[in-house]
Amino acid sequence: MDYIIAVMPLICGFVLDLILGDPYNLPHPVRLMGKCISALEGFFRRIMPNSLRTGGTYLALIMITLSGLIPMIILWACYSANLWLGAIVETVLVYYMLAARCLSDECMKVYRAAEEHDLDKARRAVSMIVGRDVDKLDEKGVLKAAVETAAENTSDGECAPLFYMGIGGAVFGFIYKAANTMDSMIGYKNEKYIEFGRFAAKLDDVMNYIPSRLSALMMILAAYILKLDGKAAYRIWKRDRDSQPSPNSAQTESAAAGALGLELLGDAYYFGKLHHKNTIGDSTREIEPNDIRRMNRLMYMTSVLMLILAVAVRIFIASLLN
């Protein structure tokens with residue numbers, strides 16, 4: 001019974017995400033995190049205009065504390081009342097922390113627009129899932145952007161939360177998601193956030209260091225399972241995983257580039273400014289719309305493999321506590 005209670009939230013939450021995706025019309029903890037981050041940013045910029053790095057550090061520490069404490073209290077109360085009630089509530093919290101179905105759905109909007117040869121529609125669709133400027137992207141650039149964000153978010157949106165929830169349940173998942181959300185909102189290296197978002201960016205780098213590498217290894221294994229080019233996935237990962245300024249972003253992207261036989265990344269515009277990036281992968285063929293579908297399958301299989309690992313870790317921890 002203890003083992004069932006331990007792993008049920010992970011498995012059921014994962015399945016719920018595959019079936020339901022992101023409930024756009026319902027309250028979502030990550031959107032609430034975003035509102036809190038925005039409010040705290042305004043507060044600390046007002047009261048500490050000359051100490052932005054310190055203010056950003058305070059923001060990050062408050063968000064991490066609240067994001068762990070609130071679900072901890074909720075789950076403690078629910079598990080204290082009834083084990084099954086606690087497991088059901090934790091299942092819902094796990095479901096909220098995962099994003100595979102949502103990411104797949106958004107990428108498929110890009111795929112359908114590209115199949116219709118509607119570049120403006122494809123740009124609008126991809127703008128919902130990437131941070132770069134999309135107005136200068138041609139059709140191949142749009143397709144690359146979709147594949148790249150699916151590859152990177154296989155770790156950030158799915159495997160990394162599973163990794164942390166395998167160790168510490170939904171509470172650790174919320175803590176990770178808070179760090180990742182802060183990085184996506186204030187972790188930019190531009191004039192506005194270079195100081196204020198420094199701590200958040202570094203925290204996200206640290207928290208993603210192990211999960212991003214595990215995700216890449218899972219993706220390589222997934223490539224073999226799906227009859228993609230697993231050998232090239234491993235070779236490109238070994239060669240290009242450290243080619244980007246971020247220590248983590250190219251881990252899964254390089255594995256995906258090898259598995260799909262594509263050249264990814266390169267120069268991109270952010271906030272109207274051109275940023276030079278190294279390319280990853282080998283340009284063995286031109287990218288095509290079906291690469292989005294291949295990437296989605298690779299993402300799902302990688303997520304399943306990480307779920308298996310997370311469940312195994314959860315069972316091991318439960319055995320130590322019994």
# chains A, B, ... in the order shown; residues from 1 in each chain; ligands from 1
call {"tool": "select_by_dssp", "arguments": {"residues": "region 12-197 of chain A", "states": "alpha helix (DSSP H)", "output": "ChimeraX atom specification"}}
result
/A:12-20,29-47,52-81,83-97,100-115,119-127,139-154,160-186
call {"tool": "closest_atom_pairs", "arguments": {"of": "region 129-184 of chain A", "to": "region 189-201 of chain A", "cutoff": "7 Å", "atoms": "only C-alpha atoms", "output": "JSON lines"}}
result
{"residue": "A:Ala179", "atom": "CA", "partner": "A:Ala200", "partner_atom": "CA", "distance": 6.7}
{"residue": "A:Met182", "atom": "CA", "partner": "A:Ala200", "partner_atom": "CA", "distance": 6.0}
{"residue": "A:Asp183", "atom": "CA", "partner": "A:Ala201", "partner_atom": "CA", "distance": 5.1}
call {"tool": "closest_atom_pairs", "arguments": {"of": "region 180-233 of chain A", "to": "region 25-35 of chain A", "cutoff": "12 Å", "atoms": "only C-alpha atoms", "output": "JSON lines"}}
result
{"residue": "A:Asn180", "atom": "CA", "partner": "A:Val30", "partner_atom": "CA", "distance": 10.0}
{"residue": "A:Thr181", "atom": "CA", "partner": "A:Gly34", "partner_atom": "CA", "distance": 6.9}
{"residue": "A:Met182", "atom": "CA", "partner": "A:Gly34", "partner_atom": "CA", "distance": 7.7}
{"residue": "A:Asp183", "atom": "CA", "partner": "A:Gly34", "partner_atom": "CA", "distance": 10.8}
{"residue": "A:Ser184", "atom": "CA", "partner": "A:Gly34", "partner_atom": "CA", "distance": 9.6}
{"residue": "A:Met185", "atom": "CA", "partner": "A:Gly34", "partner_atom": "CA", "distance": 7.8}
{"residue": "A:Ile186", "atom": "CA", "partner": "A:Gly34", "partner_atom": "CA", "distance": 10.4}
call {"tool": "write_last_selection", "arguments": {"atoms": "C-alpha atoms", "output": "CSV table (one decimal), in the first residue's frame"}}
result
chain,number,residue,atom,x,y,z
A,180,ASN,CA,12.3,27.7,-14.0
A,181,THR,CA,9.4,30.3,-14.2
A,182,MET,CA,11.6,33.0,-12.6
A,183,ASP,CA,14.3,32.3,-15.2
A,184,SER,CA,11.9,32.6,-18.1
A,185,MET,CA,10.6,35.9,-16.7
A,186,ILE,CA,13.6,37.7,-15.2
call {"tool": "residues_around", "arguments": {"residues": "Asp138 (chain A)", "least_positions_apart": "3", "cutoff": "10 Å", "atoms": "only C-alpha atoms", "output": "PDB file with all heavy atoms, in the first residue's frame"}}
result
ATOM      1  N   LEU A 119       2.712  31.365 -43.700  1.00  0.00           N
ATOM      2  CA  LEU A 119       3.861  31.774 -42.896  1.00  0.00           C
ATOM      3  C   LEU A 119       3.450  32.690 -41.748  1.00  0.00           C
ATOM      4  O   LEU A 119       3.965  32.548 -40.633  1.00  0.00           O
ATOM      5  CB  LEU A 119       4.896  32.474 -43.784  1.00  0.00           C
ATOM      6  CG  LEU A 119       6.182  32.920 -43.094  1.00  0.00           C
ATOM      7  CD1 LEU A 119       6.879  31.753 -42.396  1.00  0.00           C
ATOM      8  CD2 LEU A 119       7.127  33.572 -44.108  1.00  0.00           C
ATOM      9  N   ASP A 120       2.538  33.630 -41.996  1.00  0.00           N
ATOM     10  CA  ASP A 120       2.107  34.527 -40.924  1.00  0.00           C
ATOM     11  C   ASP A 120       1.456  33.747 -39.786  1.00  0.00           C
ATOM     12  O   ASP A 120       1.708  34.019 -38.600  1.00  0.00           O
ATOM     13  CB  ASP A 120       1.132  35.578 -41.463  1.00  0.00           C
ATOM     14  CG  ASP A 120       1.815  36.619 -42.339  1.00  0.00           C
ATOM     15  OD1 ASP A 120       3.040  36.803 -42.162  1.00  0.00           O
ATOM     16  OD2 ASP A 120       1.145  37.227 -43.184  1.00  0.00           O
ATOM     17  N   ALA A 122       1.984  30.608 -39.075  1.00  0.00           N
ATOM     18  CA  ALA A 122       3.030  29.808 -38.435  1.00  0.00           C
ATOM     19  C   ALA A 122       3.860  30.670 -37.489  1.00  0.00           C
ATOM     20  O   ALA A 122       4.234  30.225 -36.401  1.00  0.00           O
ATOM     21  CB  ALA A 122       3.923  29.170 -39.493  1.00  0.00           C
ATOM     22  N   ARG A 123       4.159  31.906 -37.904  1.00  0.00           N
ATOM     23  CA  ARG A 123       4.903  32.809 -37.019  1.00  0.00           C
ATOM     24  C   ARG A 123       4.116  33.116 -35.759  1.00  0.00           C
ATOM     25  O   ARG A 123       4.675  33.136 -34.649  1.00  0.00           O
ATOM     26  CB  ARG A 123       5.214  34.118 -37.758  1.00  0.00           C
ATOM     27  CG  ARG A 123       6.337  34.017 -38.784  1.00  0.00           C
ATOM     28  CD  ARG A 123       6.417  35.281 -39.597  1.00  0.00           C
ATOM     29  NE  ARG A 123       7.567  35.292 -40.511  1.00  0.00           N
ATOM     30  CZ  ARG A 123       7.719  36.160 -41.498  1.00  0.00           C
ATOM     31  NH1 ARG A 123       6.799  37.100 -41.715  1.00  0.00           N
ATOM     32  NH2 ARG A 123       8.793  36.108 -42.269  1.00  0.00           N
ATOM     33  N   VAL A 134      10.036  36.714 -34.005  1.00  0.00           N
ATOM     34  CA  VAL A 134       9.664  35.774 -35.066  1.00  0.00           C
ATOM     35  C   VAL A 134       9.358  36.461 -36.392  1.00  0.00           C
ATOM     36  O   VAL A 134       9.187  35.777 -37.409  1.00  0.00           O
ATOM     37  CB  VAL A 134       8.436  34.932 -34.643  1.00  0.00           C
ATOM     38  CG1 VAL A 134       8.736  34.157 -33.363  1.00  0.00           C
ATOM     39  CG2 VAL A 134       7.206  35.807 -34.456  1.00  0.00           C
ATOM     40  N   ASP A 135       9.310  37.805 -36.401  1.00  0.00           N
ATOM     41  CA  ASP A 135       8.871  38.497 -37.612  1.00  0.00           C
ATOM     42  C   ASP A 135       9.846  38.327 -38.775  1.00  0.00           C
ATOM     43  O   ASP A 135       9.458  38.470 -39.941  1.00  0.00           O
ATOM     44  CB  ASP A 135       8.647  39.983 -37.334  1.00  0.00           C
ATOM     45  CG  ASP A 135       9.877  40.648 -36.741  1.00  0.00           C
ATOM     46  OD1 ASP A 135      10.339  40.191 -35.681  1.00  0.00           O
ATOM     47  OD2 ASP A 135      10.384  41.626 -37.336  1.00  0.00           O
ATOM     48  N   GLY A 141      12.985  28.722 -40.642  1.00  0.00           N
ATOM     49  CA  GLY A 141      13.302  29.279 -39.334  1.00  0.00           C
ATOM     50  C   GLY A 141      12.204  29.016 -38.325  1.00  0.00           C
ATOM     51  O   GLY A 141      12.477  28.741 -37.146  1.00  0.00           O
ATOM     52  N   VAL A 142      10.951  29.104 -38.769  1.00  0.00           N
ATOM     53  CA  VAL A 142       9.818  28.810 -37.891  1.00  0.00           C
ATOM     54  C   VAL A 142       9.835  27.348 -37.458  1.00  0.00           C
ATOM     55  O   VAL A 142       9.640  27.023 -36.279  1.00  0.00           O
ATOM     56  CB  VAL A 142       8.487  29.151 -38.599  1.00  0.00           C
ATOM     57  CG1 VAL A 142       7.304  28.588 -37.812  1.00  0.00           C
ATOM     58  CG2 VAL A 142       8.330  30.659 -38.755  1.00  0.00           C
ATOM     59  N   LEU A 143      10.074  26.463 -38.410  1.00  0.00           N
ATOM     60  CA  LEU A 143      10.116  25.030 -38.092  1.00  0.00           C
ATOM     61  C   LEU A 143      11.252  24.718 -37.122  1.00  0.00           C
ATOM     62  O   LEU A 143      11.074  23.953 -36.160  1.00  0.00           O
ATOM     63  CB  LEU A 143      10.277  24.211 -39.373  1.00  0.00           C
ATOM     64  CG  LEU A 143       9.110  24.249 -40.360  1.00  0.00           C
ATOM     65  CD1 LEU A 143       9.473  23.505 -41.641  1.00  0.00           C
ATOM     66  CD2 LEU A 143       7.853  23.654 -39.744  1.00  0.00           C
ATOM     67  N   LYS A 144      12.422  25.308 -37.359  1.00  0.00           N
ATOM     68  CA  LYS A 144      13.554  25.100 -36.456  1.00  0.00           C
ATOM     69  C   LYS A 144      13.222  25.600 -35.055  1.00  0.00           C
ATOM     70  O   LYS A 144      13.546  24.937 -34.065  1.00  0.00           O
ATOM     71  CB  LYS A 144      14.797  25.816 -36.985  1.00  0.00           C
ATOM     72  CG  LYS A 144      15.506  25.110 -38.116  1.00  0.00           C
ATOM     73  CD  LYS A 144      16.716  25.901 -38.592  1.00  0.00           C
ATOM     74  CE  LYS A 144      17.724  26.123 -37.489  1.00  0.00           C
ATOM     75  NZ  LYS A 144      18.935  26.840 -37.973  1.00  0.00           N
TER      76      LYS A 144
END
call {"tool": "closest_residue", "arguments": {"among": "A:Arg314, A:Lys136, A:Arg239, A:His276", "to": "Ala170 (chain A)", "atoms": "only C-alpha atoms"}}
result
A:Arg314
call {"tool": "residues_around", "arguments": {"residues": "Glu115 (chain A)", "least_positions_apart": "2", "cutoff": "12 Å", "atoms": "only C-alpha atoms", "output": "short mmCIF file (atom, residue, chain, number, x, y, z; two decimals) with C-alpha atoms, in the first residue's frame"}}
result
data_model
loop_
_atom_site.label_atom_id
_atom_site.label_comp_id
_atom_site.auth_asym_id
_atom_site.auth_seq_id
_atom_site.Cartn_x
_atom_site.Cartn_y
_atom_site.Cartn_z
CA MET A 108 1.26 21.03 -33.80
CA LYS A 109 -0.31 24.44 -34.44
CA VAL A 110 2.98 25.41 -36.08
CA TYR A 111 2.98 22.13 -38.02
CA ARG A 112 -0.53 22.69 -39.38
CA ALA A 113 0.22 26.28 -40.38
CA HIS A 117 2.05 27.24 -46.25
CA ASP A 118 0.67 30.10 -44.15
CA LEU A 119 3.86 31.77 -42.90
CA LYS A 121 -0.03 31.96 -39.11
CA ALA A 122 3.03 29.81 -38.44
CA GLU A 139 9.35 28.91 -42.99
CA LEU A 143 10.12 25.03 -38.09
CA GLU A 288 10.42 19.81 -42.94
CA PRO A 289 7.07 20.11 -41.14
CA ASN A 290 7.06 16.40 -40.23
CA ASP A 291 10.13 17.03 -38.06
CA ILE A 292 7.78 18.67 -35.57
CA ARG A 293 5.79 15.44 -35.35
#
call {"tool": "residues_around", "arguments": {"residues": "Thr65 (chain A)", "least_positions_apart": "6", "cutoff": "12 Å", "atoms": "only C-alpha atoms", "output": "NGL selection string"}}
result
:A and (33 or 58-59 or 71-72 or 171-172 or 174-176 or 178-179)
call {"tool": "residues_around", "arguments": {"residues": "Ile317 (chain A)", "least_positions_apart": "5", "cutoff": "10 Å", "atoms": "only C-alpha atoms", "output": "list in words"}}
result
Tyr3, Ala6, Gly166, Ile167, Gly168, Val311, Ala312 and Asn322 of chain A
call {"tool": "closest_residue", "arguments": {"among": "A:Val304, A:Val15, A:Ala250, A:Ile220", "to": "Tyr96 (chain A)", "atoms": "only C-alpha atoms"}}
result
A:Val15
call {"tool": "atom_distance", "arguments": {"atom1": "CA of Ala310 (chain A)", "atom2": "CA of Val92 (chain A)"}}
result
17.0 Å
call {"tool": "closest_residue", "arguments": {"among": "A:Thr91, A:Thr149, A:Ser155, A:Thr284", "to": "Ile11 (chain A)", "atoms": "only C-alpha atoms"}}
result
A:Thr91
call {"tool": "residues_around", "arguments": {"residues": "Ala150 (chain A)", "least_positions_apart": "4", "cutoff": "7 Å", "atoms": "only C-alpha atoms", "output": "JSON, numbers by chain"}}
result
{"A": [103, 146, 154, 295]}
call {"tool": "decode", "arguments": {"residues": "region 206-236 of chain A", "atoms": "N, CA and C atoms", "output": "mmCIF file, in the first residue's frame"}}
result
data_model
loop_
_atom_site.group_PDB
_atom_site.id
_atom_site.type_symbol
_atom_site.label_atom_id
_atom_site.label_comp_id
_atom_site.auth_asym_id
_atom_site.auth_seq_id
_atom_site.Cartn_x
_atom_site.Cartn_y
_atom_site.Cartn_z
ATOM 1 N N VAL A 206 21.697 25.833 -11.909
ATOM 2 C CA VAL A 206 22.080 24.807 -10.929
ATOM 3 C C VAL A 206 21.027 23.704 -10.869
ATOM 4 N N MET A 207 19.748 24.110 -10.807
ATOM 5 C CA MET A 207 18.683 23.123 -10.650
ATOM 6 C C MET A 207 18.497 22.269 -11.905
ATOM 7 N N ASN A 208 18.894 22.791 -13.059
ATOM 8 C CA ASN A 208 18.739 22.030 -14.295
ATOM 9 C C ASN A 208 19.985 21.248 -14.686
ATOM 10 N N TYR A 209 21.071 21.403 -13.944
ATOM 11 C CA TYR A 209 22.336 20.796 -14.355
ATOM 12 C C TYR A 209 22.212 19.275 -14.506
ATOM 13 N N ILE A 210 21.749 18.602 -13.472
ATOM 14 C CA ILE A 210 21.612 17.142 -13.538
ATOM 15 C C ILE A 210 20.424 16.723 -14.407
ATOM 16 N N PRO A 211 19.227 17.303 -14.213
ATOM 17 C CA PRO A 211 18.087 16.868 -15.040
ATOM 18 C C PRO A 211 18.301 17.034 -16.538
ATOM 19 N N SER A 212 18.954 18.111 -16.965
ATOM 20 C CA SER A 212 19.140 18.323 -18.406
ATOM 21 C C SER A 212 20.015 17.232 -19.008
ATOM 22 N N ARG A 213 21.013 16.793 -18.277
ATOM 23 C CA ARG A 213 21.908 15.753 -18.771
ATOM 24 C C ARG A 213 21.231 14.379 -18.738
ATOM 25 N N LEU A 214 20.463 14.128 -17.695
ATOM 26 C CA LEU A 214 19.689 12.890 -17.665
ATOM 27 C C LEU A 214 18.669 12.874 -18.798
ATOM 28 N N SER A 215 18.035 14.011 -19.042
ATOM 29 C CA SER A 215 17.046 14.099 -20.117
ATOM 30 C C SER A 215 17.684 13.804 -21.462
ATOM 31 N N ALA A 216 18.898 14.323 -21.680
ATOM 32 C CA ALA A 216 19.592 14.063 -22.945
ATOM 33 C C ALA A 216 19.883 12.573 -23.111
ATOM 34 N N LEU A 217 20.319 11.923 -22.044
ATOM 35 C CA LEU A 217 20.588 10.482 -22.119
ATOM 36 C C LEU A 217 19.301 9.703 -22.394
ATOM 37 N N MET A 218 18.223 10.116 -21.743
ATOM 38 C CA MET A 218 16.928 9.470 -22.002
ATOM 39 C C MET A 218 16.496 9.700 -23.450
ATOM 40 N N MET A 219 16.775 10.883 -23.974
ATOM 41 C CA MET A 219 16.392 11.188 -25.354
ATOM 42 C C MET A 219 17.189 10.329 -26.342
ATOM 43 N N ILE A 220 18.446 10.109 -26.044
ATOM 44 C CA ILE A 220 19.257 9.240 -26.904
ATOM 45 C C ILE A 220 18.683 7.822 -26.913
ATOM 46 N N LEU A 221 18.331 7.318 -25.730
ATOM 47 C CA LEU A 221 17.709 5.994 -25.644
ATOM 48 C C LEU A 221 16.368 5.986 -26.377
ATOM 49 N N ALA A 222 15.606 7.065 -26.217
ATOM 50 C CA ALA A 222 14.315 7.170 -26.904
ATOM 51 C C ALA A 222 14.493 7.148 -28.419
ATOM 52 N N ALA A 223 15.568 7.763 -28.912
ATOM 53 C CA ALA A 223 15.835 7.774 -30.351
ATOM 54 C C ALA A 223 16.036 6.350 -30.869
ATOM 55 N N TYR A 224 16.757 5.530 -30.121
ATOM 56 C CA TYR A 224 16.931 4.130 -30.514
ATOM 57 C C TYR A 224 15.588 3.396 -30.521
ATOM 58 N N ILE A 225 14.784 3.623 -29.481
ATOM 59 C CA ILE A 225 13.486 2.939 -29.377
ATOM 60 C C ILE A 225 12.576 3.312 -30.546
ATOM 61 N N LEU A 226 12.603 4.568 -30.954
ATOM 62 C CA LEU A 226 11.733 5.057 -32.021
ATOM 63 C C LEU A 226 12.319 4.846 -33.415
ATOM 64 N N LYS A 227 13.438 4.169 -33.510
ATOM 65 C CA LYS A 227 14.096 3.906 -34.790
ATOM 66 C C LYS A 227 14.577 5.186 -35.470
ATOM 67 N N LEU A 228 14.880 6.208 -34.660
ATOM 68 C CA LEU A 228 15.562 7.380 -35.176
ATOM 69 C C LEU A 228 17.061 7.112 -35.119
ATOM 70 N N ASP A 229 17.866 8.126 -35.360
ATOM 71 C CA ASP A 229 19.309 7.903 -35.401
ATOM 72 C C ASP A 229 19.914 8.063 -34.003
ATOM 73 N N GLY A 230 19.822 6.991 -33.225
ATOM 74 C CA GLY A 230 20.344 7.038 -31.860
ATOM 75 C C GLY A 230 21.847 7.214 -31.815
ATOM 76 N N LYS A 231 22.545 6.616 -32.764
ATOM 77 C CA LYS A 231 24.002 6.742 -32.799
ATOM 78 C C LYS A 231 24.418 8.189 -33.023
ATOM 79 N N ALA A 232 23.744 8.876 -33.955
ATOM 80 C CA ALA A 232 24.049 10.284 -34.210
ATOM 81 C C ALA A 232 23.608 11.152 -33.044
ATOM 82 N N ALA A 233 22.509 10.772 -32.383
ATOM 83 C CA ALA A 233 22.045 11.528 -31.213
ATOM 84 C C ALA A 233 23.133 11.563 -30.146
ATOM 85 N N TYR A 234 23.760 10.411 -29.911
ATOM 86 C CA TYR A 234 24.838 10.354 -28.909
ATOM 87 C C TYR A 234 26.067 11.123 -29.387
ATOM 88 N N ARG A 235 26.417 10.965 -30.662
ATOM 89 C CA ARG A 235 27.620 11.626 -31.192
ATOM 90 C C ARG A 235 27.474 13.154 -31.160
ATOM 91 N N ILE A 236 26.337 13.652 -31.594
ATOM 92 C CA ILE A 236 26.132 15.110 -31.603
ATOM 93 C C ILE A 236 26.024 15.640 -30.188
#
